[in-house]
Amino acid sequence: MEKDQLRYENMKYSRCGKSGLLLPKISLGLWHNFAGVDVYENSKEMVLRAFDLGITHFDLANNYGPPPGSAEETFGKILREELSAYRDQMIITSKAGYLMWPGPYGEWGSRKYLISSCDQSLKRMGLDYVDIFYSHRPDPDTPLEETMMALDQIVRSGKSLYAGISNYDPEQSQQAFDILKSLGTPCVVHQPSYSMFNRWVEDGLLNVLEKNGVGSVVFSPLFQGLLTDKYLKGIPEGSRAAKSHGFLQSSQITEEKIHKIKALNLIAEKRGQKMAQLALCWVLRDPRVTSVIIGASKVSQIEDAVGILDNLEFSEGELTSIEAILKA
Ligand SMILES: NC(=O)c1ccc[n+]([C@@H]2O[C@H](COP(=O)([O-])OP(=O)(O)OC[C@H]3O[C@@H](n4cnc5c(N)ncnc54)[C@H](OP(=O)(O)O)[C@@H]3O)[C@@H](O)[C@H]2O)c1
């Protein structure tokens, strides 16, 4: 079979909430390892391999770097040089919310910031539109109506096809959904963090999403790489925790967590999986989770992630054992 058909053979796609948008179970995020400080050839190889494995969804934001903006530039270059014929087969996202440029208009949730930031992201990526544009975080000092009206405007002006929010708590999310609905641009997706070590979404957010027919694409499902076998014998060179610009702090790698990972790893082995694969399957066990956004520093990690697709199910016994380890 042709490569162009093969890429869709093994990936599973799920409906994002009640929208018309289908997303792959595994998405690729470009927060780390796709920036100006990284090796372009490696970044390119990862994007191309991901796409060939059916990962149609690439998650970016204005500030991904370092320097901020450079992940979008890298992705733009890859698109231009390798994937320009495939734009309609890809879901490309961006976000605005965190600090991007100096002065009062370079972060948070004003209309001024969101709309100019979206224009900048499109320029960096060389795109006419993104597929999803997110408010990256709630802004306590800007009326929610203003931030949502900016998202509505971005969609209406054709700069994004869908609107999303990220890092909003359950109450803020409900308010955002109500406003967006009244504007005629329903929110299709929420992007929260979720992993075995970070379960806040279970405390109300997933219920709010289900009630509103909004999908979820969850980030840092491996707790930035901790939920793998990588840190079981210390902090290896080249890992995210070892990098000065990596967001995983060595202080987050506690003995208690390592103890749990060792126990979880035994369950993974019994399932014929790697620890990272178990952690991804566990996040996807909840049907309200549309997709997991993984990060990667090498192609083999993307292949590991896609390798879970024929072994997603858990027995009751496995889930009980995992729960006992996580709650111990
Ligand atoms: N909306 C938001 O506020 C927000 C915040 C954070 C992230 N995100 C999105 O979510 C994406 C994913 O976040 P994340 O990078 O923290 O996700 P993650 O999947 O929890 O962590 C990714 C890291 O785990 C390690 N890893 C991955 N697969 C592995 C494997 N099979 N074996 C061993 N190690 C493995 C790699 O670390 P090494 O580099 O050490 O190899 C990789 O860089 C981001 O790129 C971004 O798009 C969104």
# chains A, B, ... in the order shown; residues from 1 in each chain; ligands from 1
>>> select_by_dssp(residues="region 9-219 of chain A", states="strand (DSSP E or B)", output="JSON, numbers by chain")
{"A": [13, 14, 15, 22, 23, 24, 26, 27, 28, 29, 57, 58, 59, 91, 92, 93, 94, 95, 96, 130, 131, 132, 133, 134, 135, 160, 161, 162, 163, 164, 165, 166, 187, 188, 189, 190, 191, 193, 195, 198, 215, 216, 217, 218, 219]}
>>> write_last_selection(atoms="C-alpha atoms", output="mmCIF file, in the first residue's frame")
data_model
loop_
_atom_site.group_PDB
_atom_site.id
_atom_site.type_symbol
_atom_site.label_atom_id
_atom_site.label_comp_id
_atom_site.auth_asym_id
_atom_site.auth_seq_id
_atom_site.Cartn_x
_atom_site.Cartn_y
_atom_site.Cartn_z
ATOM 1 C CA TYR A 13 -9.185 8.617 15.712
ATOM 2 C CA SER A 14 -11.772 9.834 18.227
ATOM 3 C CA ARG A 15 -14.440 12.487 18.000
ATOM 4 C CA LEU A 22 -11.678 13.699 14.742
ATOM 5 C CA LEU A 23 -8.343 13.661 16.550
ATOM 6 C CA PRO A 24 -5.728 10.892 16.720
ATOM 7 C CA ILE A 26 -1.798 10.225 20.112
ATOM 8 C CA SER A 27 -0.923 13.832 19.303
ATOM 9 C CA LEU A 28 2.541 15.400 19.176
ATOM 10 C CA GLY A 29 3.428 18.535 21.146
ATOM 11 C CA HIS A 57 -2.417 16.617 15.252
ATOM 12 C CA PHE A 58 0.525 18.911 16.088
ATOM 13 C CA ASP A 59 0.269 21.115 19.149
ATOM 14 C CA ILE A 91 -4.531 19.656 12.554
ATOM 15 C CA ILE A 92 -2.181 22.435 13.651
ATOM 16 C CA THR A 93 -2.817 24.425 16.795
ATOM 17 C CA SER A 94 -1.446 27.471 18.522
ATOM 18 C CA LYS A 95 -2.135 29.345 21.748
ATOM 19 C CA ALA A 96 -1.651 32.687 23.432
ATOM 20 C CA VAL A 130 -4.533 27.251 12.348
ATOM 21 C CA ASP A 131 -7.040 24.515 13.085
ATOM 22 C CA ILE A 132 -7.461 25.261 16.781
ATOM 23 C CA PHE A 133 -6.538 28.483 18.555
ATOM 24 C CA TYR A 134 -6.469 28.379 22.353
ATOM 25 C CA SER A 135 -6.599 30.825 25.191
ATOM 26 C CA SER A 160 -8.585 29.508 13.144
ATOM 27 C CA LEU A 161 -11.182 26.861 12.393
ATOM 28 C CA TYR A 162 -11.984 26.029 16.031
ATOM 29 C CA ALA A 163 -11.683 27.652 19.462
ATOM 30 C CA GLY A 164 -10.201 26.019 22.563
ATOM 31 C CA ILE A 165 -9.216 26.824 26.122
ATOM 32 C CA SER A 166 -6.376 25.472 28.241
ATOM 33 C CA CYS A 187 -15.668 25.643 22.278
ATOM 34 C CA VAL A 188 -14.618 22.267 20.875
ATOM 35 C CA VAL A 189 -11.690 21.396 23.108
ATOM 36 C CA HIS A 190 -10.084 21.923 26.492
ATOM 37 C CA GLN A 191 -6.377 21.244 27.009
ATOM 38 C CA SER A 193 -2.635 18.517 32.168
ATOM 39 C CA SER A 195 -1.252 11.942 34.226
ATOM 40 C CA ASN A 198 -1.489 14.764 38.299
ATOM 41 C CA GLY A 215 -13.390 17.142 24.042
ATOM 42 C CA SER A 216 -10.124 17.043 25.946
ATOM 43 C CA VAL A 217 -6.579 16.717 24.679
ATOM 44 C CA VAL A 218 -4.425 16.241 27.717
ATOM 45 C CA PHE A 219 -0.835 17.345 28.082
#
>>> closest_atom_pairs(of="chain A", to="ligand 1", cutoff="7 Å", atoms="only C-alpha atoms and all ligand atoms", output="tab-separated table")
residue	atom	partner	partner_atom_place_in_ligand_line	distance
A:Leu28	CA	ligand 1	45 (O)	6.6
A:Gly29	CA	ligand 1	45 (O)	3.1
A:Leu30	CA	ligand 1	45 (O)	4.1
A:Trp31	CA	ligand 1	45 (O)	3.6
A:His32	CA	ligand 1	45 (O)	5.9
A:Asp59	CA	ligand 1	47 (O)	4.5
A:Leu60	CA	ligand 1	47 (O)	5.4
A:His136	CA	ligand 1	1 (N)	5.9
A:Ser166	CA	ligand 1	1 (N)	5.2
A:Asn167	CA	ligand 1	3 (O)	6.1
A:Gln191	CA	ligand 1	1 (N)	5.6
A:Pro192	CA	ligand 1	1 (N)	6.3
A:Ser193	CA	ligand 1	5 (C)	6.9
A:Phe219	CA	ligand 1	10 (O)	3.9
A:Ser220	CA	ligand 1	20 (O)	3.1
A:Pro221	CA	ligand 1	20 (O)	4.3
A:Leu222	CA	ligand 1	20 (O)	3.3
A:Phe223	CA	ligand 1	20 (O)	4.1
A:Gln224	CA	ligand 1	21 (O)	3.3
A:Gly225	CA	ligand 1	24 (O)	3.1
A:Leu226	CA	ligand 1	24 (O)	6.9
A:Thr228	CA	ligand 1	33 (C)	5.1
A:Asp229	CA	ligand 1	33 (C)	6.3
A:Lys230	CA	ligand 1	33 (C)	5.4
A:Gly238	CA	ligand 1	40 (O)	6.6
A:Ser239	CA	ligand 1	40 (O)	3.4
A:Arg240	CA	ligand 1	40 (O)	3.9
A:Ala241	CA	ligand 1	40 (O)	6.5
A:Ala276	CA	ligand 1	31 (N)	5.2
A:Gln277	CA	ligand 1	31 (N)	6.9
A:Ile293	CA	ligand 1	11 (C)	5.0
A:Ile294	CA	ligand 1	19 (O)	3.6
A:Gly295	CA	ligand 1	15 (O)	3.4
A:Ala296	CA	ligand 1	42 (C)	3.9
A:Ser297	CA	ligand 1	39 (O)	4.6
A:Lys298	CA	ligand 1	41 (O)	6.9
A:Ser300	CA	ligand 1	31 (N)	6.9
A:Gln301	CA	ligand 1	31 (N)	3.9
A:Ile302	CA	ligand 1	28 (N)	6.6
A:Asp304	CA	ligand 1	31 (N)	5.1
A:Ala305	CA	ligand 1	31 (N)	6.4
>>> select_by_dssp(residues="region 86-245 of chain A", states="helix (DSSP H, G or I)", output="JSON, numbers by chain")
{"A": [86, 87, 88, 89, 111, 112, 113, 114, 115, 116, 117, 118, 119, 120, 121, 122, 123, 124, 125, 144, 145, 146, 147, 148, 149, 150, 151, 152, 153, 154, 155, 156, 170, 171, 172, 173, 174, 175, 176, 177, 178, 179, 180, 181, 182, 183, 200, 201, 202, 205, 206, 207, 208, 209, 210, 211, 212, 223, 224, 225, 240, 241, 242]}
>>> closest_residue(among="A:Glu210, A:Glu171, A:Glu107, A:Asp203", to="Lys18 (chain A)", atoms="only C-alpha atoms")
A:Glu210
>>> atom_distance(atom1="CA of Leu144 (chain A)", atom2="CA of Gly109 (chain A)")
8.2 Å
>>> residues_around(residues="Ser84 (chain A)", least_positions_apart="4", cutoff="12 Å", atoms="only C-alpha atoms", output="PyMOL selection string")
chain A and resi 75-80+88-90+125-127
>>> write_last_selection(atoms="C-alpha atoms", output="PDB file, in the first residue's frame")
ATOM      1  CA  PHE A  75       7.465  23.711  12.347  1.00  0.00           C
ATOM      2  CA  GLY A  76       6.858  26.299   9.604  1.00  0.00           C
ATOM      3  CA  LYS A  77      10.132  25.299   7.938  1.00  0.00           C
ATOM      4  CA  ILE A  78       9.245  21.586   8.081  1.00  0.00           C
ATOM      5  CA  LEU A  79       5.812  22.307   6.632  1.00  0.00           C
ATOM      6  CA  ARG A  80       7.234  24.424   3.849  1.00  0.00           C
ATOM      7  CA  ASP A  88      -5.497  19.596   4.669  1.00  0.00           C
ATOM      8  CA  GLN A  89      -4.561  16.290   6.329  1.00  0.00           C
ATOM      9  CA  MET A  90      -3.163  18.021   9.427  1.00  0.00           C
ATOM     10  CA  MET A 125       4.428  28.988  10.620  1.00  0.00           C
ATOM     11  CA  GLY A 126       3.692  30.373   7.145  1.00  0.00           C
ATOM     12  CA  LEU A 127       0.012  29.438   7.470  1.00  0.00           C
TER      13      LEU A 127
END
>>> atom_distance(atom1="CA of Ile258 (chain A)", atom2="CA of Gly272 (chain A)")
20.4 Å
>>> decode(residues="region 262-308 of chain A", atoms="N, CA and C atoms", output="PDB file, in the first residue's frame")
ATOM      1  N   LYS A 262       8.606   2.247  39.979  1.00  0.00           N
ATOM      2  CA  LYS A 262       9.159   0.870  39.949  1.00  0.00           C
ATOM      3  C   LYS A 262       8.032  -0.157  40.069  1.00  0.00           C
ATOM      4  N   ALA A 263       7.076   0.118  40.950  1.00  0.00           N
ATOM      5  CA  ALA A 263       5.944  -0.811  41.129  1.00  0.00           C
ATOM      6  C   ALA A 263       5.052  -0.825  39.876  1.00  0.00           C
ATOM      7  N   LEU A 264       4.832   0.352  39.308  1.00  0.00           N
ATOM      8  CA  LEU A 264       4.001   0.439  38.089  1.00  0.00           C
ATOM      9  C   LEU A 264       4.678  -0.269  36.918  1.00  0.00           C
ATOM     10  N   ASN A 265       5.996  -0.161  36.896  1.00  0.00           N
ATOM     11  CA  ASN A 265       6.776  -0.772  35.817  1.00  0.00           C
ATOM     12  C   ASN A 265       6.584  -2.292  35.782  1.00  0.00           C
ATOM     13  N   LEU A 266       6.371  -2.882  36.944  1.00  0.00           N
ATOM     14  CA  LEU A 266       6.140  -4.340  36.994  1.00  0.00           C
ATOM     15  C   LEU A 266       4.813  -4.681  36.314  1.00  0.00           C
ATOM     16  N   ILE A 267       3.806  -3.821  36.520  1.00  0.00           N
ATOM     17  CA  ILE A 267       2.510  -4.039  35.846  1.00  0.00           C
ATOM     18  C   ILE A 267       2.686  -3.872  34.339  1.00  0.00           C
ATOM     19  N   ALA A 268       3.459  -2.848  33.964  1.00  0.00           N
ATOM     20  CA  ALA A 268       3.717  -2.622  32.529  1.00  0.00           C
ATOM     21  C   ALA A 268       4.352  -3.872  31.918  1.00  0.00           C
ATOM     22  N   GLU A 269       5.354  -4.417  32.606  1.00  0.00           N
ATOM     23  CA  GLU A 269       6.063  -5.590  32.067  1.00  0.00           C
ATOM     24  C   GLU A 269       5.103  -6.762  31.863  1.00  0.00           C
ATOM     25  N   LYS A 270       4.196  -6.954  32.840  1.00  0.00           N
ATOM     26  CA  LYS A 270       3.237  -8.065  32.721  1.00  0.00           C
ATOM     27  C   LYS A 270       2.312  -7.879  31.521  1.00  0.00           C
ATOM     28  N   ARG A 271       2.062  -6.599  31.149  1.00  0.00           N
ATOM     29  CA  ARG A 271       1.224  -6.320  29.967  1.00  0.00           C
ATOM     30  C   ARG A 271       2.031  -6.343  28.678  1.00  0.00           C
ATOM     31  N   GLY A 272       3.349  -6.578  28.800  1.00  0.00           N
ATOM     32  CA  GLY A 272       4.219  -6.551  27.624  1.00  0.00           C
ATOM     33  C   GLY A 272       4.455  -5.136  27.134  1.00  0.00           C
ATOM     34  N   GLN A 273       4.397  -4.178  28.059  1.00  0.00           N
ATOM     35  CA  GLN A 273       4.572  -2.773  27.674  1.00  0.00           C
ATOM     36  C   GLN A 273       5.734  -2.144  28.420  1.00  0.00           C
ATOM     37  N   LYS A 274       6.177  -0.996  27.906  1.00  0.00           N
ATOM     38  CA  LYS A 274       7.127  -0.169  28.645  1.00  0.00           C
ATOM     39  C   LYS A 274       6.335   0.704  29.619  1.00  0.00           C
ATOM     40  N   MET A 275       7.037   1.214  30.616  1.00  0.00           N
ATOM     41  CA  MET A 275       6.384   2.091  31.600  1.00  0.00           C
ATOM     42  C   MET A 275       5.669   3.260  30.911  1.00  0.00           C
ATOM     43  N   ALA A 276       6.346   3.890  29.947  1.00  0.00           N
ATOM     44  CA  ALA A 276       5.738   5.042  29.253  1.00  0.00           C
ATOM     45  C   ALA A 276       4.423   4.630  28.586  1.00  0.00           C
ATOM     46  N   GLN A 277       4.407   3.422  28.032  1.00  0.00           N
ATOM     47  CA  GLN A 277       3.197   2.962  27.336  1.00  0.00           C
ATOM     48  C   GLN A 277       2.046   2.739  28.316  1.00  0.00           C
ATOM     49  N   LEU A 278       2.389   2.169  29.484  1.00  0.00           N
ATOM     50  CA  LEU A 278       1.349   1.971  30.510  1.00  0.00           C
ATOM     51  C   LEU A 278       0.742   3.317  30.911  1.00  0.00           C
ATOM     52  N   ALA A 279       1.611   4.310  31.107  1.00  0.00           N
ATOM     53  CA  ALA A 279       1.133   5.629  31.559  1.00  0.00           C
ATOM     54  C   ALA A 279       0.217   6.265  30.516  1.00  0.00           C
ATOM     55  N   LEU A 280       0.519   6.079  29.250  1.00  0.00           N
ATOM     56  CA  LEU A 280      -0.333   6.653  28.184  1.00  0.00           C
ATOM     57  C   LEU A 280      -1.677   5.921  28.112  1.00  0.00           C
ATOM     58  N   CYS A 281      -1.626   4.578  28.189  1.00  0.00           N
ATOM     59  CA  CYS A 281      -2.885   3.796  28.152  1.00  0.00           C
ATOM     60  C   CYS A 281      -3.786   4.198  29.318  1.00  0.00           C
ATOM     61  N   TRP A 282      -3.167   4.406  30.480  1.00  0.00           N
ATOM     62  CA  TRP A 282      -3.952   4.719  31.680  1.00  0.00           C
ATOM     63  C   TRP A 282      -4.704   6.035  31.498  1.00  0.00           C
ATOM     64  N   VAL A 283      -4.042   7.032  30.912  1.00  0.00           N
ATOM     65  CA  VAL A 283      -4.713   8.324  30.699  1.00  0.00           C
ATOM     66  C   VAL A 283      -5.856   8.157  29.689  1.00  0.00           C
ATOM     67  N   LEU A 284      -5.634   7.313  28.688  1.00  0.00           N
ATOM     68  CA  LEU A 284      -6.649   7.132  27.636  1.00  0.00           C
ATOM     69  C   LEU A 284      -7.780   6.201  28.050  1.00  0.00           C
ATOM     70  N   ARG A 285      -7.693   5.610  29.260  1.00  0.00           N
ATOM     71  CA  ARG A 285      -8.741   4.663  29.675  1.00  0.00           C
ATOM     72  C   ARG A 285     -10.077   5.376  29.833  1.00  0.00           C
ATOM     73  N   ASP A 286     -10.054   6.694  30.088  1.00  0.00           N
ATOM     74  CA  ASP A 286     -11.285   7.453  30.297  1.00  0.00           C
ATOM     75  C   ASP A 286     -11.787   7.948  28.945  1.00  0.00           C
ATOM     76  N   PRO A 287     -13.017   7.546  28.564  1.00  0.00           N
ATOM     77  CA  PRO A 287     -13.510   7.927  27.227  1.00  0.00           C
ATOM     78  C   PRO A 287     -13.665   9.434  27.057  1.00  0.00           C
ATOM     79  N   ARG A 288     -13.649  10.180  28.161  1.00  0.00           N
ATOM     80  CA  ARG A 288     -13.754  11.639  28.033  1.00  0.00           C
ATOM     81  C   ARG A 288     -12.434  12.265  27.580  1.00  0.00           C
ATOM     82  N   VAL A 289     -11.360  11.464  27.610  1.00  0.00           N
ATOM     83  CA  VAL A 289     -10.068  11.947  27.087  1.00  0.00           C
ATOM     84  C   VAL A 289     -10.008  11.625  25.588  1.00  0.00           C
ATOM     85  N   THR A 290      -9.997  12.664  24.773  1.00  0.00           N
ATOM     86  CA  THR A 290     -10.009  12.459  23.319  1.00  0.00           C
ATOM     87  C   THR A 290      -8.646  12.019  22.813  1.00  0.00           C
ATOM     88  N   SER A 291      -7.588  12.674  23.328  1.00  0.00           N
ATOM     89  CA  SER A 291      -6.237  12.423  22.808  1.00  0.00           C
ATOM     90  C   SER A 291      -5.212  12.776  23.885  1.00  0.00           C
ATOM     91  N   VAL A 292      -4.066  12.105  23.844  1.00  0.00           N
ATOM     92  CA  VAL A 292      -2.943  12.516  24.714  1.00  0.00           C
ATOM     93  C   VAL A 292      -1.918  13.240  23.845  1.00  0.00           C
ATOM     94  N   ILE A 293      -1.439  14.371  24.338  1.00  0.00           N
ATOM     95  CA  ILE A 293      -0.363  15.074  23.617  1.00  0.00           C
ATOM     96  C   ILE A 293       0.946  14.679  24.273  1.00  0.00           C
ATOM     97  N   ILE A 294       1.728  13.925  23.522  1.00  0.00           N
ATOM     98  CA  ILE A 294       3.026  13.535  24.063  1.00  0.00           C
ATOM     99  C   ILE A 294       4.086  14.539  23.609  1.00  0.00           C
ATOM    100  N   GLY A 295       5.173  14.571  24.367  1.00  0.00           N
ATOM    101  CA  GLY A 295       6.381  15.247  23.918  1.00  0.00           C
ATOM    102  C   GLY A 295       7.377  14.162  23.560  1.00  0.00           C
ATOM    103  N   ALA A 296       8.393  14.514  22.779  1.00  0.00           N
ATOM    104  CA  ALA A 296       9.411  13.514  22.421  1.00  0.00           C
ATOM    105  C   ALA A 296      10.730  14.207  22.125  1.00  0.00           C
ATOM    106  N   SER A 297      11.813  13.488  22.430  1.00  0.00           N
ATOM    107  CA  SER A 297      13.138  13.997  22.058  1.00  0.00           C
ATOM    108  C   SER A 297      13.759  13.114  20.976  1.00  0.00           C
ATOM    109  N   LYS A 298      13.140  11.967  20.711  1.00  0.00           N
ATOM    110  CA  LYS A 298      13.643  11.124  19.611  1.00  0.00           C
ATOM    111  C   LYS A 298      12.508  10.302  18.998  1.00  0.00           C
ATOM    112  N   VAL A 299      12.743   9.857  17.774  1.00  0.00           N
ATOM    113  CA  VAL A 299      11.717   9.147  17.012  1.00  0.00           C
ATOM    114  C   VAL A 299      11.209   7.915  17.757  1.00  0.00           C
ATOM    115  N   SER A 300      12.121   7.191  18.427  1.00  0.00           N
ATOM    116  CA  SER A 300      11.701   5.938  19.074  1.00  0.00           C
ATOM    117  C   SER A 300      10.622   6.190  20.145  1.00  0.00           C
ATOM    118  N   GLN A 301      10.625   7.378  20.764  1.00  0.00           N
ATOM    119  CA  GLN A 301       9.599   7.666  21.786  1.00  0.00           C
ATOM    120  C   GLN A 301       8.225   7.805  21.140  1.00  0.00           C
ATOM    121  N   ILE A 302       8.197   8.343  19.930  1.00  0.00           N
ATOM    122  CA  ILE A 302       6.921   8.474  19.207  1.00  0.00           C
ATOM    123  C   ILE A 302       6.439   7.071  18.799  1.00  0.00           C
ATOM    124  N   GLU A 303       7.374   6.236  18.403  1.00  0.00           N
ATOM    125  CA  GLU A 303       7.013   4.859  18.028  1.00  0.00           C
ATOM    126  C   GLU A 303       6.506   4.096  19.255  1.00  0.00           C
ATOM    127  N   ASP A 304       7.136   4.321  20.411  1.00  0.00           N
ATOM    128  CA  ASP A 304       6.642   3.703  21.652  1.00  0.00           C
ATOM    129  C   ASP A 304       5.186   4.088  21.887  1.00  0.00           C
ATOM    130  N   ALA A 305       4.896   5.373  21.728  1.00  0.00           N
ATOM    131  CA  ALA A 305       3.539   5.858  22.021  1.00  0.00           C
ATOM    132  C   ALA A 305       2.522   5.207  21.083  1.00  0.00           C
ATOM    133  N   VAL A 306       2.840   5.175  19.815  1.00  0.00           N
ATOM    134  CA  VAL A 306       1.887   4.612  18.843  1.00  0.00           C
ATOM    135  C   VAL A 306       1.746   3.097  19.061  1.00  0.00           C
ATOM    136  N   GLY A 307       2.782   2.507  19.662  1.00  0.00           N
ATOM    137  CA  GLY A 307       2.757   1.068  19.943  1.00  0.00           C
ATOM    138  C   GLY A 307       1.710   0.633  20.957  1.00  0.00           C
ATOM    139  N   ILE A 308       1.037   1.569  21.610  1.00  0.00           N
ATOM    140  CA  ILE A 308       0.029   1.174  22.624  1.00  0.00           C
ATOM    141  C   ILE A 308      -1.314   0.824  21.990  1.00  0.00           C
TER     142      ILE A 308
END
